[in-house]
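Peer 1: See protein.pdb below, with PDB, C-alpha atoms.
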ATOM      1  CA  MET D   1     -56.692 138.166-170.046
ATOM      2  CA  ALA D   2     -57.764 137.315-166.504
ATOM      3  CA  ARG D   3     -58.663 133.762-167.544
ATOM      4  CA  LEU D   4     -55.256 133.393-169.178
ATOM      5  CA  LEU D   5     -53.535 134.464-165.960
ATOM      6  CA  PHE D   6     -55.626 132.009-163.943
ATOM      7  CA  ALA D   7     -54.801 129.263-166.440
ATOM      8  CA  CYS D   8     -51.086 129.969-165.978
ATOM      9  CA  LEU D   9     -51.514 129.834-162.203
ATOM     10  CA  LEU D  10     -53.352 126.524-162.456
ATOM     11  CA  LEU D  11     -50.557 125.113-164.597
ATOM     12  CA  LEU D  12     -47.954 126.205-162.050
ATOM     13  CA  LEU D  13     -49.929 124.601-159.228
ATOM     14  CA  LEU D  14     -50.239 121.376-161.198
ATOM     15  CA  LEU D  15     -46.506 121.379-161.768
ATOM     16  CA  PHE D  16     -45.971 121.946-158.028
ATOM     17  CA  GLN D  17     -48.273 119.033-157.213
ATOM     18  CA  THR D  18     -46.505 116.622-159.553
ATOM     19  CA  SER D  19     -42.911 117.696-158.849
ATOM     20  CA  ASN D  20     -42.459 115.148-156.091
ATOM     21  CA  CYS D  21     -43.621 112.358-158.389
ATOM     22  CA  MET D  22     -41.205 113.514-161.056
ATOM     23  CA  ASP D  23     -38.378 113.535-158.541
ATOM     24  CA  THR D  24     -39.252 110.005-157.493
ATOM     25  CA  ASN D  25     -39.159 108.800-161.101
ATOM     26  CA  ARG D  26     -35.892 110.521-161.957
ATOM     27  CA  CYS D  27     -33.816 109.638-158.918
ATOM     28  CA  ALA D  28     -32.961 106.270-157.490
ATOM     29  CA  PRO D  29     -32.909 106.125-153.678
ATOM     30  CA  SER D  30     -29.650 107.002-151.949
ATOM     31  CA  SER D  31     -28.281 105.340-148.848
ATOM     32  CA  CYS D  32     -26.241 106.300-145.823
ATOM     33  CA  GLY D  33     -25.378 103.668-143.260
ATOM     34  CA  ASN D  34     -28.563 101.664-142.774
ATOM     35  CA  GLN D  35     -30.880 104.468-143.923
ATOM     36  CA  THR D  36     -32.574 104.560-147.324
ATOM     37  CA  ILE D  37     -33.013 108.119-148.572
ATOM     38  CA  SER D  38     -35.802 108.699-151.073
ATOM     39  CA  ASN D  39     -38.308 111.406-151.988
ATOM     40  CA  PRO D  40     -38.985 113.882-150.424
ATOM     41  CA  PHE D  41     -35.636 113.401-148.686
ATOM     42  CA  ARG D  42     -32.323 113.839-150.415
ATOM     43  CA  LEU D  43     -28.668 113.755-149.460
ATOM     44  CA  ASN D  44     -26.727 116.974-149.881
ATOM     45  CA  SER D  45     -24.549 115.100-152.383
ATOM     46  CA  ASP D  46     -27.523 114.116-154.578
ATOM     47  CA  PRO D  47     -28.302 115.931-157.855
ATOM     48  CA  LEU D  48     -30.408 119.048-157.349
ATOM     49  CA  ILE D  49     -33.383 117.528-159.169
ATOM     50  CA  CYS D  50     -33.675 114.830-156.496
ATOM     51  CA  GLY D  51     -36.039 115.216-153.575
ATOM     52  CA  ASN D  52     -37.054 118.420-151.858
ATOM     53  CA  PRO D  53     -34.306 120.794-150.679
ATOM     54  CA  LEU D  54     -36.272 121.411-147.458
ATOM     55  CA  TYR D  55     -35.653 117.758-146.593
ATOM     56  CA  THR D  56     -31.922 117.628-147.228
ATOM     57  CA  LEU D  57     -29.954 115.178-145.083
ATOM     58  CA  HIS D  58     -26.208 114.746-144.681
ATOM     59  CA  CYS D  59     -24.150 111.566-144.635
ATOM     60  CA  GLU D  60     -21.351 111.479-142.054
ATOM     61  CA  LYS D  61     -18.467 109.065-142.694
ATOM     62  CA  ASN D  62     -20.844 106.952-144.812
ATOM     63  CA  THR D  63     -22.347 105.541-141.606
ATOM     64  CA  SER D  64     -24.526 108.182-139.921
ATOM     65  CA  THR D  65     -27.381 110.169-141.428
ATOM     66  CA  VAL D  66     -27.656 113.693-140.058
ATOM     67  CA  LEU D  67     -30.584 116.099-139.998
ATOM     68  CA  TYR D  68     -29.950 119.751-139.171
ATOM     69  CA  LEU D  69     -32.895 121.368-137.414
ATOM     70  CA  ASP D  70     -32.444 125.097-137.055
ATOM     71  CA  SER D  71     -28.730 124.504-137.812
ATOM     72  CA  GLN D  72     -28.471 122.039-134.911
ATOM     73  CA  LYS D  73     -27.289 118.474-135.433
ATOM     74  CA  TYR D  74     -29.488 115.414-134.957
ATOM     75  CA  TYR D  75     -28.742 111.822-135.913
ATOM     76  CA  VAL D  76     -31.444 110.077-137.926
ATOM     77  CA  GLN D  77     -32.471 106.791-136.324
ATOM     78  CA  ALA D  78     -35.261 105.818-138.730
ATOM     79  CA  ILE D  79     -37.366 107.168-141.588
ATOM     80  CA  ASN D  80     -40.830 105.684-141.920
ATOM     81  CA  TYR D  81     -42.156 106.216-145.445
ATOM     82  CA  ASN D  82     -45.514 104.654-144.530
ATOM     83  CA  ASN D  83     -46.610 106.914-141.684
ATOM     84  CA  LEU D  84     -44.521 109.906-142.840
ATOM     85  CA  THR D  85     -42.324 110.234-139.750
ATOM     86  CA  ILE D  86     -38.622 110.581-139.048
ATOM     87  CA  ARG D  87     -37.007 109.635-135.717
ATOM     88  CA  VAL D  88     -33.969 111.612-134.622
ATOM     89  CA  VAL D  89     -31.754 111.974-131.560
ATOM     90  CA  ASP D  90     -29.712 114.965-130.379
ATOM     91  CA  ALA D  91     -26.022 114.568-131.210
ATOM     92  CA  GLY D  92     -25.091 115.100-127.551
ATOM     93  CA  VAL D  93     -27.091 112.149-126.238
ATOM     94  CA  LYS D  94     -24.952 109.017-125.924
ATOM     95  CA  LYS D  95     -25.986 105.396-125.664
ATOM     96  CA  ASN D  96     -25.846 103.878-122.160
ATOM     97  CA  ASP D  97     -24.651 107.160-120.663
ATOM     98  CA  CYS D  98     -27.354 108.765-118.526
ATOM     99  CA  SER D  99     -25.046 111.715-117.828
ATOM    100  CA  SER D 100     -25.068 112.740-121.495
ATOM    101  CA  LEU D 101     -27.210 115.757-122.293
ATOM    102  CA  PRO D 102     -28.749 117.177-125.453
ATOM    103  CA  ASP D 103     -26.398 119.692-127.029
ATOM    104  CA  PHE D 104     -29.281 121.934-128.034
ATOM    105  CA  SER D 105     -32.633 123.167-126.839
ATOM    106  CA  LEU D 106     -35.529 122.215-129.087
ATOM    107  CA  THR D 107     -38.992 123.575-128.394
ATOM    108  CA  TYR D 108     -42.314 123.573-130.189
ATOM    109  CA  ALA D 109     -41.649 127.158-131.235
ATOM    110  CA  ARG D 110     -38.470 126.161-133.089
ATOM    111  CA  LEU D 111     -40.613 123.913-135.258
ATOM    112  CA  GLY D 112     -42.528 126.968-136.460
ATOM    113  CA  ASN D 113     -46.046 127.851-135.385
ATOM    114  CA  SER D 114     -47.116 124.226-134.945
ATOM    115  CA  ARG D 115     -47.637 124.700-131.194
ATOM    116  CA  ASN D 116     -50.377 127.239-131.911
ATOM    117  CA  ALA D 117     -51.923 124.945-134.484
ATOM    118  CA  TYR D 118     -51.983 122.112-131.974
ATOM    119  CA  ALA D 119     -53.485 124.242-129.215
ATOM    120  CA  MET D 120     -56.284 125.510-131.432
ATOM    121  CA  PHE D 121     -57.112 122.030-132.798
ATOM    122  CA  THR D 122     -58.525 123.604-135.924
ATOM    123  CA  ILE D 123     -56.819 126.432-137.713
ATOM    124  CA  THR D 124     -56.604 127.876-141.178
ATOM    125  CA  VAL D 125     -52.966 127.291-141.992
ATOM    126  CA  GLN D 126     -51.294 129.591-144.456
ATOM    127  CA  ARG D 127     -49.792 127.694-147.364
ATOM    128  CA  LEU D 128     -46.359 129.200-146.722
ATOM    129  CA  ASP D 129     -46.326 127.573-143.269
ATOM    130  CA  TYR D 130     -45.825 124.217-144.950
ATOM    131  CA  ILE D 131     -42.891 125.636-146.881
ATOM    132  CA  SER D 132     -41.263 127.424-143.934
ATOM    133  CA  TYR D 133     -41.712 124.631-141.389
ATOM    134  CA  PRO D 134     -41.261 121.218-142.997
ATOM    135  CA  TYR D 135     -41.564 119.229-139.735
ATOM    136  CA  THR D 136     -44.264 119.061-137.067
ATOM    137  CA  TRP D 137     -44.363 117.209-133.749
ATOM    138  CA  PHE D 138     -47.922 116.018-134.391
ATOM    139  CA  GLN D 139     -50.177 114.832-137.200
ATOM    140  CA  TYR D 140     -53.786 115.772-137.821
ATOM    141  CA  LYS D 141     -56.198 112.829-137.868
ATOM    142  CA  ARG D 142     -59.849 112.782-138.864
ATOM    143  CA  ILE D 143     -62.279 111.646-136.183
ATOM    144  CA  GLY D 144     -66.038 111.323-136.192
ATOM    145  CA  PRO D 145     -68.322 110.316-139.078
ATOM    146  CA  LYS D 146     -67.512 111.309-142.644
ATOM    147  CA  TRP D 147     -70.622 113.459-142.870
ATOM    148  CA  TYR D 148     -69.518 115.522-139.838
ATOM    149  CA  PRO D 149     -65.741 115.146-139.582
ATOM    150  CA  LYS D 150     -63.508 116.705-136.964
ATOM    151  CA  TYR D 151     -59.749 116.927-137.088
ATOM    152  CA  LYS D 152     -57.614 116.321-134.038
ATOM    153  CA  PRO D 153     -53.833 116.737-133.821
ATOM    154  CA  LEU D 154     -52.240 113.648-132.311
ATOM    155  CA  PRO D 155     -48.806 114.300-130.775
ATOM    156  CA  LEU D 156     -45.796 112.244-131.814
ATOM    157  CA  SER D 157     -43.437 113.819-129.254
ATOM    158  CA  GLN D 158     -43.643 115.705-125.967
ATOM    159  CA  MET D 159     -41.551 118.228-124.093
ATOM    160  CA  MET D 160     -38.781 117.412-121.611
ATOM    161  CA  ILE D 161     -37.193 120.171-119.514
ATOM    162  CA  PHE D 162     -33.857 120.028-117.656
ATOM    163  CA  ILE D 163     -33.845 122.089-114.447
ATOM    164  CA  ASN D 164     -31.069 123.043-112.026
ATOM    165  CA  CYS D 165     -31.873 124.141-108.478
ATOM    166  CA  ALA D 166     -29.735 125.503-105.671
ATOM    167  CA  ASN D 167     -31.930 123.761-103.070
ATOM    168  CA  PRO D 168     -33.666 120.371-103.026
ATOM    169  CA  VAL D 169     -37.182 120.397-104.490
ATOM    170  CA  ASN D 170     -40.104 118.251-103.444
ATOM    171  CA  SER D 171     -42.664 118.376-106.242
ATOM    172  CA  ARG D 172     -44.384 115.807-108.433
ATOM    173  CA  LEU D 173     -43.395 117.945-111.422
ATOM    174  CA  TYR D 174     -39.678 117.562-110.663
ATOM    175  CA  LEU D 175     -37.989 114.205-111.194
ATOM    176  CA  ASP D 176     -34.589 113.899-109.542
ATOM    177  CA  THR D 177     -31.884 112.796-111.992
ATOM    178  CA  GLY D 178     -29.977 111.069-109.196
ATOM    179  CA  ALA D 179     -26.321 110.254-109.704
ATOM    180  CA  CYS D 180     -26.618 110.721-113.475
ATOM    181  CA  LEU D 181     -26.517 114.519-113.438
ATOM    182  CA  ASN D 182     -26.298 115.734-109.860
ATOM    183  CA  GLY D 183     -22.992 117.346-109.022
ATOM    184  CA  GLY D 184     -20.643 118.478-111.703
ATOM    185  CA  LYS D 185     -22.067 117.695-115.146
ATOM    186  CA  TYR D 186     -22.748 121.369-115.776
ATOM    187  CA  PRO D 187     -19.675 123.626-116.037
ATOM    188  CA  ASN D 188     -19.083 126.497-113.643
ATOM    189  CA  VAL D 189     -21.629 125.387-111.065
ATOM    190  CA  SER D 190     -21.308 124.195-107.503
ATOM    191  CA  LEU D 191     -21.151 120.475-106.829
ATOM    192  CA  SER D 192     -24.150 120.983-104.541
ATOM    193  CA  ILE D 193     -26.409 121.723-107.515
ATOM    194  CA  HIS D 194     -29.611 119.663-107.670
ATOM    195  CA  SER D 195     -30.668 118.467-111.096
ATOM    196  CA  TYR D 196     -34.233 117.584-112.150
ATOM    197  CA  VAL D 197     -36.278 116.982-115.264
ATOM    198  CA  ASN D 198     -39.891 117.696-116.069
ATOM    199  CA  VAL D 199     -41.720 115.676-118.692
ATOM    200  CA  GLY D 200     -44.911 116.925-120.276
ATOM    201  CA  GLY D 201     -44.560 120.637-119.645
ATOM    202  CA  MET D 202     -44.976 123.094-116.789
ATOM    203  CA  LYS D 203     -46.191 126.645-116.261
ATOM    204  CA  ALA D 204     -43.859 129.534-115.511
ATOM    205  CA  SER D 205     -45.313 129.640-111.992
ATOM    206  CA  ASP D 206     -44.169 126.034-111.451
ATOM    207  CA  LEU D 207     -40.508 127.055-111.557
ATOM    208  CA  MET D 208     -39.294 126.986-107.964
ATOM    209  CA  GLU D 209     -37.218 129.689-106.307
ATOM    210  CA  LYS D 210     -33.489 129.451-107.077
ATOM    211  CA  CYS D 211     -34.185 127.073-109.981
ATOM    212  CA  SER D 212     -33.327 127.670-113.629
ATOM    213  CA  LEU D 213     -34.265 126.025-116.900
ATOM    214  CA  GLU D 214     -31.116 124.610-118.495
ATOM    215  CA  ARG D 215     -32.433 123.258-121.784
ATOM    216  CA  MET D 216     -35.457 121.630-123.388
ATOM    217  CA  THR D 217     -35.834 118.767-125.815
ATOM    218  CA  LEU D 218     -38.425 116.305-127.107
ATOM    219  CA  LEU D 219     -39.223 112.742-126.066
ATOM    220  CA  PRO D 220     -41.433 110.037-127.576
ATOM    221  CA  VAL D 221     -45.049 110.188-126.386
ATOM    222  CA  ASN D 222     -45.305 107.870-123.400
ATOM    223  CA  ASP D 223     -46.499 107.605-119.807
ATOM    224  CA  TYR D 224     -43.499 108.684-117.745
ATOM    225  CA  LYS D 225     -45.205 108.885-114.350
ATOM    226  CA  ASN D 226     -43.502 105.923-112.702
ATOM    227  CA  MET D 227     -40.223 105.931-114.612
ATOM    228  CA  SER D 228     -36.791 106.624-113.197
ATOM    229  CA  PHE D 229     -34.535 109.140-114.882
ATOM    230  CA  LYS D 230     -32.399 106.315-116.285
ATOM    231  CA  GLU D 231     -35.466 104.789-117.921
ATOM    232  CA  ILE D 232     -36.454 108.152-119.352
ATOM    233  CA  HIS D 233     -32.924 108.712-120.606
ATOM    234  CA  SER D 234     -33.059 105.403-122.483
ATOM    235  CA  LEU D 235     -36.025 106.804-124.421
ATOM    236  CA  LEU D 236     -34.089 110.008-124.965
ATOM    237  CA  GLU D 237     -31.416 107.810-126.561
ATOM    238  CA  TYR D 238     -34.092 106.132-128.686
ATOM    239  CA  GLY D 239     -35.009 109.514-130.166
ATOM    240  CA  PHE D 240     -38.197 111.433-130.868
ATOM    241  CA  GLU D 241     -40.452 111.464-133.907
ATOM    242  CA  LEU D 242     -41.334 114.331-136.199
ATOM    243  CA  SER D 243     -43.786 114.250-139.071
ATOM    244  CA  TRP D 244     -42.802 115.292-142.590
ATOM    245  CA  HIS D 245     -46.324 115.097-144.019
ATOM    246  CA  SER D 246     -46.044 118.838-144.765
ATOM    247  CA  SER D 247     -44.095 117.887-147.883
ATOM    248  CA  ARG D 248     -47.416 116.748-149.344
ATOM    249  CA  CYS D 249     -49.538 119.640-148.110
ATOM    250  CA  GLY D 250     -48.542 122.371-150.539
ATOM    251  CA  SER D 251     -51.974 122.612-152.154
ATOM    252  CA  CYS D 252     -54.007 122.655-148.925
ATOM    253  CA  VAL D 253     -55.872 125.830-148.022
ATOM    254  CA  ALA D 254     -56.734 124.653-144.502
ATOM    255  CA  ILE D 255     -55.813 121.577-142.445
ATOM    256  CA  CYS D 256     -53.772 118.796-143.984
ATOM    257  CA  TYR D 257     -54.589 115.496-142.291
ATOM    258  CA  ILE D 258     -53.554 111.844-142.546
ATOM    259  CA  ASP D 259     -56.179 109.141-142.999
ATOM    260  CA  ASP D 260     -56.144 105.609-141.615
ATOM    261  CA  SER D 261     -54.137 104.412-144.620
ATOM    262  CA  HIS D 262     -51.463 107.076-143.967
ATOM    263  CA  HIS D 263     -52.511 109.069-147.037
ATOM    264  CA  THR D 264     -52.330 112.857-146.818
ATOM    265  CA  LYS D 265     -55.505 114.767-147.627
ATOM    266  CA  CYS D 266     -56.825 118.318-147.487
ATOM    267  CA  THR D 267     -59.872 119.329-145.526
ATOM    268  CA  GLY D 268     -62.343 121.278-147.614
ATOM    269  CA  THR D 269     -60.867 122.635-150.808
ATOM    270  CA  SER D 270     -57.365 123.043-152.157
ATOM    271  CA  TRP D 271     -55.680 125.867-154.051
ATOM    272  CA  LEU D 272     -56.090 123.820-157.225
ATOM    273  CA  GLU D 273     -59.833 123.636-156.664
ATOM    274  CA  ILE D 274     -60.108 127.358-155.924
ATOM    275  CA  THR D 275     -58.198 128.176-159.109
ATOM    276  CA  ALA D 276     -60.362 125.790-161.122
ATOM    277  CA  VAL D 277     -63.546 127.428-159.830
ATOM    278  CA  ALA D 278     -62.144 130.860-160.679
ATOM    279  CA  LEU D 279     -61.435 129.614-164.213
ATOM    280  CA  GLY D 280     -65.015 128.439-164.546
ATOM    281  CA  TYR D 281     -64.080 124.761-164.671
ATOM    282  CA  ALA D 282     -66.064 123.785-161.569
ATOM    283  CA  PRO D 283     -68.803 121.915-163.511
ATOM    284  CA  ILE D 284     -66.311 119.207-164.497
ATOM    285  CA  PHE D 285     -65.914 118.291-160.810
ATOM    286  CA  ILE D 286     -68.404 116.383-158.726
ATOM    287  CA  GLY D 287     -70.684 118.807-156.922
ATOM    288  CA  GLY D 288     -68.762 121.737-158.316
ATOM    289  CA  LEU D 289     -65.530 120.787-156.524
ATOM    290  CA  MET D 290     -62.878 118.181-156.956
ATOM    291  CA  PRO D 291     -63.506 115.024-154.885
ATOM    292  CA  GLN D 292     -61.249 114.536-151.884
ATOM    293  CA  ARG D 293     -58.126 112.656-152.902
ATOM    294  CA  ASP D 294     -54.654 111.738-151.809
ATOM    295  CA  LEU D 295     -51.993 114.395-152.183
TER
END
Represent the structure contained in this file as structure tokens.
Peer 2:
Amino acid sequence: MARLLFACLLLLLLLFQTSNCMDTNRCAPSSCGNQTISNPFRLNSDPLICGNPLYTLHCEKNTSTVLYLDSQKYYVQAINYNNLTIRVVDAGVKKNDCSSLPDFSLTYARLGNSRNAYAMFTITVQRLDYISYPYTWFQYKRIGPKWYPKYKPLPLSQMMIFINCANPVNSRLYLDTGACLNGGKYPNVSLSIHSYVNVGGMKASDLMEKCSLERMTLLPVNDYKNMSFKEIHSLLEYGFELSWHSSRCGSCVAICYIDDSHHTKCTGTSWLEITAVALGYAPIFIGGLMPQRDL
């Protein structure tokens, strides 16, 4: 009886693994504006069998592709099906308008527990994390020799913080926004308000007296040390990247990483392998376990 139950579980896992391939075969790509929408993505107007519902996009006026992150609106600038990334920009950020601000705050925490995973560098990730949080701001890469591999998360995006202060601030952590934001962009504040941004993150103790955090967002990974606010804002307009490799990580027990050919692989074993061992099928695999393969 136990073996029968395990066999049923293995069948379900196999069906889960192949569902994306089935979707790809059944559904022709959709389009919205200049974006091609294909598995795992789908438009909300596509048949339910197409794509993965966690990666549902919306088409606005047949010209703009929209992604809702935590119910907040972002315009899709590009989807890269080779390196498994999507580039988006906050709906409030306007082209060639350095006074335009993100409508929403977006932090690492709002992308799930990926900040903790990044900080720890290696972590046993629960399988449901991939289901609950379909996007990450980094991708795991394998470094070191194959016989002693290590896995390092490489960031795709970094934090940007908007700060308002009642008094001028002289700190390398605070970049003055100049005429773009100083004096009147924020409602219900004095025209004497001083506006700054911080790129890369800061500690709570770095917040100066009579200063407040207004909102946070993400920027592309870059060296912003010698940039003006206008230059930084142009990259804000360009948008930031998120990875959707989690769509291929459903069978991973631990870290799901991307190799040099942009293929997604599991470290160690997968749930399929564990189930196979429990069923007593391990001898049919090399060394008792399935060889590492693309997901």
Peer 1: Once the PyMOL selection byres ((chain D and resi 72) around 10) has been applied to the shown file, what residues remain in the selection, as number ranges by chain?
Peer 2: D: 66-71, 73-74, 90-91, 103-106
Peer 1: Could the residues in this selection be saved with C-alpha atoms as an mmCIF file, in the frame of the given file?
Peer 2:
data_model
loop_
_atom_site.group_PDB
_atom_site.id
_atom_site.type_symbol
_atom_site.label_atom_id
_atom_site.label_comp_id
_atom_site.auth_asym_id
_atom_site.auth_seq_id
_atom_site.Cartn_x
_atom_site.Cartn_y
_atom_site.Cartn_z
ATOM 1 C CA VAL D 66 -27.656 113.693 -140.058
ATOM 2 C CA LEU D 67 -30.584 116.099 -139.998
ATOM 3 C CA TYR D 68 -29.950 119.751 -139.171
ATOM 4 C CA LEU D 69 -32.895 121.368 -137.414
ATOM 5 C CA ASP D 70 -32.444 125.097 -137.055
ATOM 6 C CA SER D 71 -28.730 124.504 -137.812
ATOM 7 C CA LYS D 73 -27.289 118.474 -135.433
ATOM 8 C CA TYR D 74 -29.488 115.414 -134.957
ATOM 9 C CA ASP D 90 -29.712 114.965 -130.379
ATOM 10 C CA ALA D 91 -26.022 114.568 -131.210
ATOM 11 C CA ASP D 103 -26.398 119.692 -127.029
ATOM 12 C CA PHE D 104 -29.281 121.934 -128.034
ATOM 13 C CA SER D 105 -32.633 123.167 -126.839
ATOM 14 C CA LEU D 106 -35.529 122.215 -129.087
#
Peer 1: Just how far from CA of Val88 in chain D is CA of Cys32 in chain D, in Å to one decimal?
Peer 2: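 Between CA of Cys32 in chain D and CA of Val88 in chain D the gap works out to 14.6 Å.
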Peer 1: Taking the file as I've supplied it (selection: the PyMOL selection byres ((chain D and resi 50) around 6)), which residues are included? Please answer as a CSV table (one decimal) with C-alpha atoms, in the coordinates of the input.
Peer 2:
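out06.csv was written with the following content:
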chain,number,residue,atom,x,y,z
D,23,ASP,CA,-38.4,113.5,-158.5
D,27,CYS,CA,-33.8,109.6,-158.9
D,47,PRO,CA,-28.3,115.9,-157.9
D,48,LEU,CA,-30.4,119.0,-157.3
D,49,ILE,CA,-33.4,117.5,-159.2
D,51,GLY,CA,-36.0,115.2,-153.6
Peer 1: Taking the point (-45.1, 107.0, -119.8) as given in the file, collect each protein or nucleic acid residue that comes within 12 Å of it, counting only C-alpha atoms, and present the set as a count of residues only.
Peer 2: 18
Peer 1: Running the PyMOL selection byres ((chain D and resi 54) around 10) on this model by hand, what would come out? Give it as a ChimeraX atom specification.
Peer 2: /D:40-42,51-53,55-57,131-135,247
Peer 1: Would you kindly return, as a PyMOL selection string, each protein, DNA or RNA residue with an atom no farther than 10 Å from any atom of Asp176 in chain D, considering all atoms listed in the file and excluding same-chain residues fewer than 4 positions away?
Peer 2: chain D and resi 163+168-171+180-182+194-198+228-229
Peer 1: What is the CA of Val76 in chain D to CA of Thr36 in chain D distance in Å?
Peer 2: 11.0 Å
Peer 1: Looking at D:Arg87, D:Arg248, D:Lys210, D:Arg172, which one is nearest to Leu156 in chain D, with distances taken over all atoms listed in the file?
Peer 2: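 Under the stated criterion, the closest residue is D:Arg87.
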Peer 1: Report the distance between CA of Ile258 in chain D and CA of Gly201 in chain D in Å, rounded to one decimal place.
Peer 2: 26.1 Å
Peer 1: Determine the nearest neighbour of Asp97 in chain D from the options D:Lys230, D:Arg110, D:Lys203, D:Lys150, counting only C-alpha atoms.
Peer 2: D:Lys230
Peer 1: Got a sec: who's within 8 Å of Thr107 in chain D, counting only C-alpha atoms, leaving out chain neighbours fewer than 3 positions off, as a list in words?
Peer 2: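 Near Thr107 in chain D, the qualifying residues are Arg110, Leu111, Met159, Met216, Thr217 and Leu218 of chain D.
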